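input_24.cif follows; it contains mmCIF, C-alpha atoms.
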data_input
loop_
_atom_site.label_atom_id
_atom_site.label_comp_id
_atom_site.auth_asym_id
_atom_site.auth_seq_id
_atom_site.Cartn_x
_atom_site.Cartn_y
_atom_site.Cartn_z
CA MET A 1 -15.48 91.43 67.22
CA PHE A 2 -13.86 89.71 70.22
CA ARG A 3 -13.63 91.37 73.63
CA LEU A 4 -10.47 90.80 75.68
CA TYR A 5 -10.80 91.61 79.37
CA TYR A 6 -7.38 92.53 80.75
CA ALA A 7 -5.57 94.40 83.50
CA PRO A 8 -2.12 95.96 83.06
CA GLY A 9 0.77 93.93 84.44
CA THR A 10 -1.08 90.60 84.28
CA CYS A 11 -0.72 87.54 82.07
CA ALA A 12 -3.53 88.93 79.88
CA LEU A 13 -0.75 90.68 77.96
CA ALA A 14 0.20 87.35 76.33
CA THR A 15 -3.23 86.95 74.72
CA HIS A 16 -3.34 90.66 73.91
CA ILE A 17 -0.11 90.34 71.92
CA ALA A 18 -1.31 87.13 70.22
CA LEU A 19 -4.51 88.86 69.07
CA GLU A 20 -2.41 91.70 67.62
CA GLU A 21 -0.06 89.25 65.90
CA ALA A 22 -3.05 87.42 64.41
CA GLY A 23 -4.68 90.59 63.14
CA ALA A 24 -7.81 89.52 65.01
CA PRO A 25 -10.77 91.89 65.28
CA TYR A 26 -11.00 92.69 69.01
CA GLU A 27 -11.45 95.39 71.57
CA ALA A 28 -9.55 95.41 74.86
CA VAL A 29 -11.63 96.10 77.97
CA LEU A 30 -9.89 97.19 81.17
CA VAL A 31 -10.78 95.37 84.39
CA ASP A 32 -9.64 97.82 87.06
CA PHE A 33 -7.96 95.84 89.81
CA ARG A 34 -7.46 99.05 91.84
CA ASN A 35 -11.16 99.08 92.71
CA GLN A 36 -11.50 95.26 92.73
CA SER A 37 -13.57 95.26 89.52
CA GLN A 38 -12.57 91.64 88.96
CA ARG A 39 -14.84 90.78 91.92
CA SER A 40 -17.81 92.85 90.71
CA PRO A 41 -21.06 91.02 89.85
CA GLU A 42 -20.75 92.34 86.29
CA TYR A 43 -17.31 90.82 85.78
CA LEU A 44 -18.10 87.58 87.61
CA ALA A 45 -20.92 87.14 85.09
CA VAL A 46 -18.24 87.20 82.37
CA ASN A 47 -15.68 85.08 84.27
CA PRO A 48 -16.81 83.40 87.49
CA LYS A 49 -13.16 82.85 88.41
CA GLY A 50 -12.73 86.61 88.95
CA ARG A 51 -9.45 86.68 87.06
CA VAL A 52 -8.11 87.99 83.77
CA PRO A 53 -7.78 87.30 80.91
CA ALA A 54 -11.21 86.42 79.58
CA LEU A 55 -11.97 86.46 75.87
CA VAL A 56 -15.53 86.82 74.61
CA THR A 57 -15.75 85.25 71.16
CA GLU A 58 -18.51 84.63 68.63
CA SER A 59 -18.97 81.16 70.18
CA GLY A 60 -18.76 82.04 73.88
CA THR A 61 -16.30 83.09 76.57
CA LEU A 62 -12.90 81.49 77.15
CA THR A 63 -10.41 81.83 80.01
CA GLU A 64 -6.96 80.44 80.92
CA THR A 65 -3.98 81.76 78.97
CA PRO A 66 -2.75 78.48 77.41
CA ALA A 67 -6.27 77.84 76.08
CA LEU A 68 -6.62 81.37 74.73
CA LEU A 69 -3.24 81.24 73.02
CA CYS A 70 -4.04 77.93 71.35
CA PHE A 71 -7.45 79.28 70.35
CA VAL A 72 -5.99 82.37 68.69
CA ALA A 73 -3.46 80.23 66.83
CA GLN A 74 -6.09 77.78 65.60
CA ARG A 75 -8.79 80.40 64.88
CA PHE A 76 -6.40 82.51 62.77
CA PRO A 77 -4.26 79.86 61.08
CA GLN A 78 -2.94 82.25 58.44
CA ALA A 79 -0.93 83.99 61.19
CA GLU A 80 1.04 80.74 61.71
CA LEU A 81 1.31 81.16 65.48
CA ALA A 82 1.56 77.42 66.23
CA PRO A 83 2.50 74.19 64.38
CA LEU A 84 -1.14 73.14 64.17
CA ASP A 85 -0.72 70.05 62.00
CA ASP A 86 2.18 68.42 63.84
CA PRO A 87 0.93 66.72 67.04
CA PHE A 88 4.39 66.51 68.62
CA ALA A 89 5.40 70.08 67.81
CA LEU A 90 2.03 71.41 68.97
CA ALA A 91 2.41 69.40 72.19
CA GLN A 92 5.78 71.08 72.73
CA VAL A 93 4.03 74.46 72.50
CA GLN A 94 1.43 73.30 75.03
CA GLU A 95 4.16 71.84 77.25
CA PHE A 96 5.99 75.15 77.44
CA ASN A 97 2.80 77.12 78.07
CA SER A 98 1.62 74.61 80.71
CA TYR A 99 4.92 74.98 82.52
CA LEU A 100 4.54 78.75 82.52
CA CYS A 101 0.99 78.66 83.90
CA SER A 102 1.28 75.84 86.43
CA THR A 103 4.83 76.35 87.75
CA VAL A 104 6.37 79.71 86.79
CA HIS A 105 3.31 81.94 87.15
CA VAL A 106 2.45 80.12 90.40
CA ALA A 107 5.98 80.63 91.75
CA HIS A 108 5.66 84.35 90.98
CA ALA A 109 2.15 84.62 92.45
CA HIS A 110 3.42 83.72 95.93
CA ARG A 111 4.94 87.21 96.08
CA MET A 112 1.74 89.26 95.88
CA ARG A 113 -1.07 86.70 96.04
CA GLY A 114 0.03 84.65 99.04
CA THR A 115 -3.40 85.08 100.61
CA ARG A 116 -4.62 82.52 98.09
CA TRP A 117 -2.74 79.78 99.95
CA ALA A 118 -2.49 80.86 103.60
CA ASP A 119 -4.22 83.24 106.01
CA ASP A 120 -1.39 83.70 108.51
CA PRO A 121 0.62 86.93 107.80
CA ALA A 122 3.88 85.27 108.88
CA ALA A 123 3.25 82.44 106.40
CA ILE A 124 2.58 84.94 103.63
CA GLU A 125 5.90 86.63 104.42
CA ALA A 126 7.64 83.23 104.41
CA MET A 127 6.24 82.56 100.92
CA LYS A 128 7.54 85.91 99.68
CA ARG A 129 11.03 85.04 100.86
CA LYS A 130 11.13 81.95 98.65
CA VAL A 131 9.91 83.69 95.46
CA PRO A 132 13.35 84.85 94.23
CA SER A 133 14.91 81.37 94.35
CA ASN A 134 11.83 79.66 92.89
CA VAL A 135 11.50 82.07 89.97
CA ARG A 136 15.27 82.00 89.43
CA ASP A 137 15.24 78.18 89.26
CA SER A 138 12.37 78.18 86.74
CA PHE A 139 14.13 80.74 84.59
CA ALA A 140 17.39 78.80 84.77
CA LEU A 141 15.54 75.87 83.19
CA ILE A 142 14.08 78.19 80.55
CA GLU A 143 17.46 79.84 79.87
CA HIS A 144 19.45 76.62 79.58
CA LYS A 145 16.96 74.00 78.33
CA LEU A 146 13.61 75.28 77.08
CA LEU A 147 14.25 78.48 75.11
CA LYS A 148 15.65 77.19 71.83
CA GLY A 149 16.29 80.59 70.28
CA PRO A 150 15.87 82.94 68.66
CA TRP A 151 12.23 82.18 69.53
CA VAL A 152 11.05 79.77 72.22
CA MET A 153 10.42 76.96 69.75
CA GLY A 154 13.42 77.80 67.55
CA GLY A 155 13.27 79.53 64.20
CA LYS A 156 9.49 80.07 64.15
CA TYR A 157 7.66 82.60 66.33
CA THR A 158 4.77 80.93 68.18
CA VAL A 159 2.26 81.76 70.93
CA CYS A 160 4.93 80.65 73.43
CA ASP A 161 6.80 83.89 72.74
CA PRO A 162 4.26 86.44 74.03
CA TYR A 163 3.66 84.23 77.06
CA LEU A 164 7.36 84.00 77.94
CA PHE A 165 7.78 87.74 77.29
CA THR A 166 4.90 88.50 79.67
CA ILE A 167 6.05 86.35 82.56
CA ALA A 168 9.69 87.35 82.07
CA SER A 169 8.63 90.99 82.49
CA TRP A 170 8.00 90.19 86.17
CA ILE A 171 11.36 88.68 87.10
CA GLU A 172 13.15 91.85 88.13
CA GLY A 173 10.31 92.48 90.58
CA ASP A 174 10.60 88.88 91.76
CA GLY A 175 14.23 89.46 92.70
CA VAL A 176 15.92 87.49 89.93
CA ASP A 177 19.41 88.53 88.83
CA ILE A 178 18.81 89.13 85.12
CA THR A 179 22.52 88.91 84.28
CA LYS A 180 22.06 85.13 84.82
CA VAL A 181 19.46 84.86 82.04
CA PRO A 182 20.99 86.69 79.06
CA ARG A 183 19.08 84.66 76.47
CA VAL A 184 15.77 85.53 78.13
CA MET A 185 16.79 89.19 78.06
CA GLU A 186 17.72 88.96 74.36
CA HIS A 187 14.30 87.41 73.79
CA ARG A 188 12.70 90.41 75.52
CA ALA A 189 14.57 92.82 73.25
CA ARG A 190 13.60 90.79 70.18
CA MET A 191 9.96 90.91 71.27
CA LEU A 192 10.04 94.66 71.84
CA ALA A 193 11.14 95.10 68.23
CA ARG A 194 7.81 93.65 67.01
CA PRO A 195 5.05 96.14 66.20
CA ALA A 196 2.32 93.84 67.63
CA VAL A 197 4.14 93.67 70.96
CA ARG A 198 4.68 97.42 71.15
CA GLN A 199 1.02 98.01 70.25
CA ALA A 200 -0.34 95.71 72.98
CA VAL A 201 2.09 96.99 75.63
CA ALA A 202 1.26 100.62 74.83
CA ALA A 203 -2.51 100.01 74.74
CA GLU A 204 -2.40 98.48 78.22
CA GLY A 205 0.06 100.97 79.65
CA THR A 206 1.96 97.93 80.96
CA GLN A 207 5.49 98.69 82.17
CA ILE A 208 8.23 96.44 80.75
CA PRO A 209 11.50 96.75 82.73
CA MET B 1 6.27 52.00 71.59
CA PHE B 2 5.85 54.97 73.95
CA ARG B 3 7.19 54.94 77.51
CA LEU B 4 5.08 56.62 80.20
CA TYR B 5 6.95 57.44 83.39
CA TYR B 6 4.49 57.51 86.30
CA ALA B 7 4.14 57.18 90.05
CA PRO B 8 0.99 55.91 91.76
CA GLY B 9 -1.28 58.59 93.19
CA THR B 10 0.02 61.34 90.89
CA CYS B 11 -1.50 63.19 87.95
CA ALA B 12 0.32 60.76 85.64
CA LEU B 13 -2.84 58.62 85.94
CA ALA B 14 -4.67 61.01 83.59
CA THR B 15 -2.24 60.37 80.73
CA HIS B 16 -2.12 56.66 81.61
CA ILE B 17 -5.90 56.42 81.16
CA ALA B 18 -5.81 58.47 77.94
CA LEU B 19 -3.19 56.13 76.44
CA GLU B 20 -5.41 53.17 77.31
CA GLU B 21 -8.48 54.86 75.84
CA ALA B 22 -6.55 55.60 72.65
CA GLY B 23 -5.29 52.04 72.29
CA ALA B 24 -1.78 53.50 72.10
CA PRO B 25 1.25 51.20 72.13
CA TYR B 26 3.05 52.05 75.38
CA GLU B 27 4.76 50.68 78.41
CA ALA B 28 4.36 52.22 81.88
CA VAL B 29 7.58 52.72 83.84
CA LEU B 30 7.40 53.26 87.60
CA VAL B 31 9.34 56.17 89.08
CA ASP B 32 9.62 55.21 92.73
CA PHE B 33 9.02 58.33 94.80
CA ARG B 34 9.69 56.34 98.02
CA ASN B 35 13.41 56.33 97.22
CA GLN B 36 13.36 59.74 95.49
CA SER B 37 13.95 58.19 92.05
CA GLN B 38 12.47 61.31 90.47
CA ARG B 39 15.66 63.12 91.58
CA SER B 40 18.07 60.47 90.27
CA PRO B 41 20.48 61.45 87.48
CA GLU B 42 18.89 58.78 85.29
CA TYR B 43 15.42 60.25 85.63
CA LEU B 44 16.56 63.86 85.42
CA ALA B 45 18.06 62.93 82.03
CA VAL B 46 14.52 61.97 80.94
CA ASN B 47 12.77 64.92 82.62
CA PRO B 48 14.94 67.70 84.07
CA LYS B 49 11.93 68.93 86.05
CA GLY B 50 12.13 65.84 88.28
CA ARG B 51 8.38 65.26 88.08
CA VAL B 52 5.96 62.81 86.53
CA PRO B 53 4.45 62.26 84.05
CA ALA B 54 6.94 62.15 81.20
CA LEU B 55 6.13 60.48 77.90
CA VAL B 56 8.88 59.27 75.59
CA THR B 57 7.53 59.20 72.04
CA GLU B 58 8.94 58.44 68.61
CA SER B 59 9.68 62.16 68.22
CA GLY B 60 11.06 62.97 71.68
CA THR B 61 10.01 63.39 75.28
CA LEU B 62 7.01 65.40 76.47
CA THR B 63 5.93 66.54 79.94
CA GLU B 64 3.03 68.51 81.49
CA THR B 65 -0.34 66.78 81.67
CA PRO B 66 -2.40 69.18 79.50
CA ALA B 67 0.20 68.86 76.73
CA LEU B 68 0.30 65.07 77.00
CA LEU B 69 -3.47 64.79 76.92
CA CYS B 70 -3.74 66.99 73.84
CA PHE B 71 -0.91 65.03 72.22
CA VAL B 72 -2.61 61.67 72.79
CA ALA B 73 -5.88 63.05 71.40
CA GLN B 74 -4.21 64.48 68.30
CA ARG B 75 -1.81 61.57 67.73
CA PHE B 76 -4.63 59.00 67.90
CA PRO B 77 -7.53 60.88 66.26
CA GLN B 78 -9.57 57.73 65.68
CA ALA B 79 -10.12 57.52 69.45
CA GLU B 80 -12.01 60.85 69.29
CA LEU B 81 -10.69 62.10 72.64
CA ALA B 82 -10.96 65.80 71.77
CA PRO B 83 -12.86 68.01 69.27
CA LEU B 84 -9.74 68.52 67.17
CA ASP B 85 -11.30 70.41 64.28
CA ASP B 86 -13.34 72.94 66.26
CA PRO B 87 -11.08 75.72 67.63
CA PHE B 88 -13.60 76.92 70.20
CA ALA B 89 -14.50 73.45 71.48
CA LEU B 90 -10.85 72.43 71.62
CA ALA B 91 -10.08 75.63 73.53
CA GLN B 92 -12.77 74.68 76.04
CA VAL B 93 -10.94 71.36 76.58
CA GLN B 94 -7.67 73.24 77.09
CA GLU B 95 -9.38 75.76 79.37
CA PHE B 96 -10.66 73.04 81.67
CA ASN B 97 -7.32 71.23 81.72
CA SER B 98 -5.41 74.48 82.31
CA TYR B 99 -7.64 75.24 85.27
CA LEU B 100 -6.94 71.80 86.71
CA CYS B 101 -3.17 72.13 86.34
CA SER B 102 -2.67 75.76 87.34
CA THR B 103 -5.32 76.20 90.05
CA VAL B 104 -6.78 72.93 91.33
CA HIS B 105 -3.64 70.78 91.33
CA VAL B 106 -1.72 73.72 92.83
CA ALA B 107 -4.34 74.16 95.58
CA HIS B 108 -4.00 70.46 96.42
CA ALA B 109 -0.20 70.50 96.30
CA HIS B 110 -0.03 72.91 99.23
CA ARG B 111 -1.01 69.97 101.46
CA MET B 112 2.01 67.75 100.88
CA ARG B 113 4.39 69.85 98.78
CA GLY B 114 4.40 73.07 100.79
CA THR B 115 8.21 73.02 100.85
CA ARG B 116 8.04 74.14 97.23
CA TRP B 117 6.82 77.57 98.32
CA ALA B 118 8.17 78.19 101.84
CA ASP B 119 10.95 76.91 104.10
CA ASP B 120 9.43 77.82 107.47
CA PRO B 121 7.64 74.82 109.09
CA ALA B 122 4.95 77.06 110.56
CA ALA B 123 4.24 78.50 107.10
CA ILE B 124 3.98 75.01 105.66
CA GLU B 125 1.42 74.14 108.35
CA ALA B 126 -0.48 77.36 107.60
CA MET B 127 -0.69 76.35 103.94
CA LYS B 128 -2.05 72.93 104.88
CA ARG B 129 -4.84 74.54 106.88
CA LYS B 130 -6.10 76.40 103.81
CA VAL B 131 -6.13 73.36 101.48
CA PRO B 132 -9.63 72.11 102.37
CA SER B 133 -11.33 75.44 101.61
CA ASN B 134 -9.28 76.08 98.47
CA VAL B 135 -9.94 72.64 96.99
CA ARG B 136 -13.59 72.83 98.05
CA ASP B 137 -14.01 76.19 96.27
CA SER B 138 -12.41 74.85 93.08
CA PHE B 139 -14.63 71.80 93.13
CA ALA B 140 -17.72 73.93 93.77
CA LEU B 141 -16.95 75.72 90.49
CA ILE B 142 -16.46 72.37 88.75
CA GLU B 143 -19.65 70.92 90.28
CA HIS B 144 -21.88 73.89 89.47
CA LYS B 145 -20.37 75.48 86.35
CA LEU B 146 -17.71 73.49 84.52
CA LEU B 147 -18.80 69.82 84.55
CA LYS B 148 -21.52 69.73 81.90
CA GLY B 149 -22.39 66.06 82.37
CA PRO B 150 -22.44 63.21 81.87
CA TRP B 151 -18.85 63.94 80.77
CA VAL B 152 -16.93 67.13 81.45
CA MET B 153 -17.62 68.56 78.00
CA GLY B 154 -21.17 67.16 77.79
CA GLY B 155 -22.22 64.15 75.75
CA LYS B 156 -18.77 63.30 74.40
CA TYR B 157 -15.98 61.78 76.50
CA THR B 158 -12.74 63.77 76.12
CA VAL B 159 -9.28 63.95 77.68
CA CYS B 160 -10.80 66.26 80.32
CA ASP B 161 -12.47 63.23 81.90
CA PRO B 162 -9.40 61.24 82.99
CA TYR B 163 -7.83 64.46 84.27
CA LEU B 164 -10.86 65.40 86.38
CA PHE B 165 -11.15 61.80 87.61
CA THR B 166 -7.49 61.84 88.69
CA ILE B 167 -7.57 65.12 90.59
CA ALA B 168 -10.99 64.35 92.10
CA SER B 169 -9.52 61.14 93.56
CA TRP B 170 -7.53 63.37 95.95
CA ILE B 171 -10.35 65.45 97.41
CA GLU B 172 -11.27 63.19 100.32
CA GLY B 173 -7.64 63.40 101.41
CA ASP B 174 -7.76 67.17 100.95
CA GLY B 175 -10.61 67.39 103.44
CA VAL B 176 -13.47 68.16 101.04
CA ASP B 177 -16.99 67.08 102.02
CA ILE B 178 -17.88 64.91 99.02
CA THR B 179 -21.62 65.12 99.74
CA LYS B 180 -21.33 68.69 98.38
CA VAL B 181 -20.12 67.51 94.96
CA PRO B 182 -22.55 64.74 93.95
CA ARG B 183 -22.05 65.28 90.22
CA VAL B 184 -18.29 64.90 90.59
CA MET B 185 -18.90 61.67 92.51
CA GLU B 186 -21.25 60.38 89.78
CA HIS B 187 -18.52 61.22 87.27
CA ARG B 188 -16.09 59.10 89.31
CA ALA B 189 -18.47 56.16 89.25
CA ARG B 190 -19.02 56.58 85.51
CA MET B 191 -15.26 56.60 84.96
CA LEU B 192 -14.74 53.47 87.05
CA ALA B 193 -17.16 51.64 84.76
CA ARG B 194 -14.79 52.12 81.81
CA PRO B 195 -12.35 49.27 81.09
CA ALA B 196 -9.52 51.68 80.16
CA VAL B 197 -9.84 53.43 83.52
CA ARG B 198 -9.88 50.19 85.48
CA GLN B 199 -6.89 48.91 83.54
CA ALA B 200 -4.74 52.01 84.21
CA VAL B 201 -5.75 52.23 87.88
CA ALA B 202 -4.98 48.55 88.45
CA ALA B 203 -1.66 48.68 86.58
CA GLU B 204 -0.50 51.54 88.80
CA GLY B 205 -1.92 50.15 92.02
CA THR B 206 -3.39 53.61 92.56
CA GLN B 207 -6.04 53.80 95.29
CA ILE B 208 -9.32 55.47 94.28
CA PRO B 209 -11.48 56.32 97.33
#

This structure in structure tokens:
Amino acid sequence: MFRLYYAPGTCALATHIALEEAGAPYEAVLVDFRNQSQRSPEYLAVNPKGRVPALVTESGTLTETPALLCFVAQRFPQAELAPLDDPFALAQVQEFNSYLCSTVHVAHAHRMRGTRWADDPAAIEAMKRKVPSNVRDSFALIEHKLLKGPWVMGGKYTVCDPYLFTIASWIEGDGVDITKVPRVMEHRARMLARPAVRQAVAAEGTQIP
Amino acid sequence: MFRLYYAPGTCALATHIALEEAGAPYEAVLVDFRNQSQRSPEYLAVNPKGRVPALVTESGTLTETPALLCFVAQRFPQAELAPLDDPFALAQVQEFNSYLCSTVHVAHAHRMRGTRWADDPAAIEAMKRKVPSNVRDSFALIEHKLLKGPWVMGGKYTVCDPYLFTIASWIEGDGVDITKVPRVMEHRARMLARPAVRQAVAAEGTQIP
């Protein structure tokens, strides 16, 4: 039985959905950000980074969404969540997920987590002002170049899909005009039609716009 | 014959070293940041993100360092650059590389690429002031928790090693006191003893402190 540590509204939703899609045996454990539980000694013993997600497996604890997604795909191959035997196709999955974690999630994080990168309140406000254009530019690339359709990698659903769905659920809040990304919005609707997605979203109580 | 697009002093060095370690057939192509070649129409046709690295393979073009490293490991399995058949161990490789790309590289980038996240010059200066403590904190985690030694994953060299070596080559410039990370410094020395590392560093003309 795996344990997934999550908080609603975070990127943990991507792994949560992937575990549901895989039919993995797991329990979801809430880390309550409202009382800073992610900084508690108990949680730091699970994940010294003080972030979610963290996944406790039979072999040990893993963090970082792209790693967790690849792990779920490889650990439950019968779910066919990634092209495991094709190095180029698997690298394309990793490429998309790396872009989400290192560029898109980071662009978004400057809205509410600016204190990570500056202490000056005016600087933190300046970062917030640039979030809409940065997230919009990233999603323009996704809309026009990266999202093949109907799923991210084309005809086959992969672990890229829950990750895109999760980060795309933040873009209204980031100030992006969603009429400019109709294919991303269609992808959201397609995701919400999947039982695994609805199950993970409902279990977390995460709000999808 | 692969083509690796790189610029000296960038994270492209990690993939450059991995290609050398794998004995891969490739040529390295300089993207001259001094004249903004990464923004030229020719280069944007290769990589619309306008960044390095990009790797042109027999199947198409790939970007994002963690994806490229995993690709090289899987495409050249005889080089044994990752534990390909062990989902948990491979996820640990991805976890380390994801942390480098999404947290450590991002912390560093606020020193010279602050214009990505704010337009106000005072905000950009405020970001620079926080780089030393942010990079120091990341490297404290690497020094004390993540770097198993002698290689990142323990006894076996993996694609984590060239990536750590590359990002660790920036920490003096980021203002980190290297006497606080002796194991990272020993890792650098160990890397510089490898012919593949010396070959890639020399070919780029990249300066290692």

Answer key for the PyMOL selection byres ((chain A and resi 117) around 8), residues as number ranges by chain: A: 114-116, 118-119; B: 107, 110, 127, 130-131, 134

Check: which chain B residues lie within 6 Å of chain A using only C-alpha atoms, as a PyMOL selection string: chain B and resi 64+67+71+74-75+87+91+94-95+101-102+117-118+123+126-127+130

Straight-line distance linking atom CA of His144 of chain A with atom CA of Leu55 of chain B, stated in Å to one decimal: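 Pair atom CA of His144 of chain A / atom CA of Leu55 of chain B returns 21.0 Å.
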
Distance in Å - atom CA of Arg51 of chain A versus atom CA of Leu30 of chain A: 12.1 Å

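Taken over the shown file, the PyMOL selection byres ((chain A and resi 200) around 10) identifies Leu13, Ala14, Thr15, His16, Ile17, Ala18, Leu19, Glu20, Glu21, Ala28, Pro195, Ala196, Val197, Arg198, Gln199, Val201, Ala202, Ala203, Glu204, Gly205 and Thr206 of chain A.
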
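Computed from the coordinates, the atom CA of Val31 of chain B to atom CA of Ala7 of chain B distance equals 5.4 Å.
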
Reference answer for the PyMOL selection byres ((chain A and resi 2) around 7), as a list in words: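 The output of the PyMOL selection byres ((chain A and resi 2) around 7) on this file is Met1, Arg3, Leu4, Pro25, Tyr26, Glu27, Leu55, Val56 and Thr57 of chain A.
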
All residues 9 Å or closer to Trp151 of chain A, all atoms listed in the file, same chain fewer than 3 positions away omitted, as number ranges by chain: A: 147-148, 154-158, 160-161, 187, 190

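The smallest atom-to-atom distance between Pro8 of chain A and any of A:Arg113, A:Val184, A:Leu44, A:Ser169, using all atoms listed in the file, is found for A:Ser169.
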
Residue nearest Pro83 of chain A among A:Val159, A:Ala24, A:Gln207, A:Ala193 (counting only C-alpha atoms):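 Distance minimum relative to Pro83 of chain A lands on A:Val159.
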
Residue with smallest distance to Arg194 of chain A - pool A:Phe165, A:Asn35, A:Asp137, A:Tyr5, counting all atoms listed in the file: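 Using all atoms listed in the file, the shortest distance to Arg194 of chain A belongs to A:Phe165.
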
Best match for closeness to Leu81 of chain B among B:Val176, B:Leu146, B:Val152, B:Val46, counting only C-alpha atoms: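 Using only C-alpha atoms, Leu81 of chain B sits closest to B:Val152.
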
Contact residues around Trp170 of chain A with all atoms listed in the file at 8 Å, ignoring same-chain residues under 4 positions, as a ChimeraX atom specification: /A:108,166,174

Grab the residues selected above and save them as a PDB file, in the frame of the given file with C-alpha atoms.
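Saved the output as out29.pdb:
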ATOM      1  CA  HIS A 108       5.660  84.350  90.980  1.00  0.00           C
ATOM      2  CA  THR A 166       4.900  88.500  79.670  1.00  0.00           C
ATOM      3  CA  ASP A 174      10.600  88.880  91.760  1.00  0.00           C
TER       4      ASP A 174
END
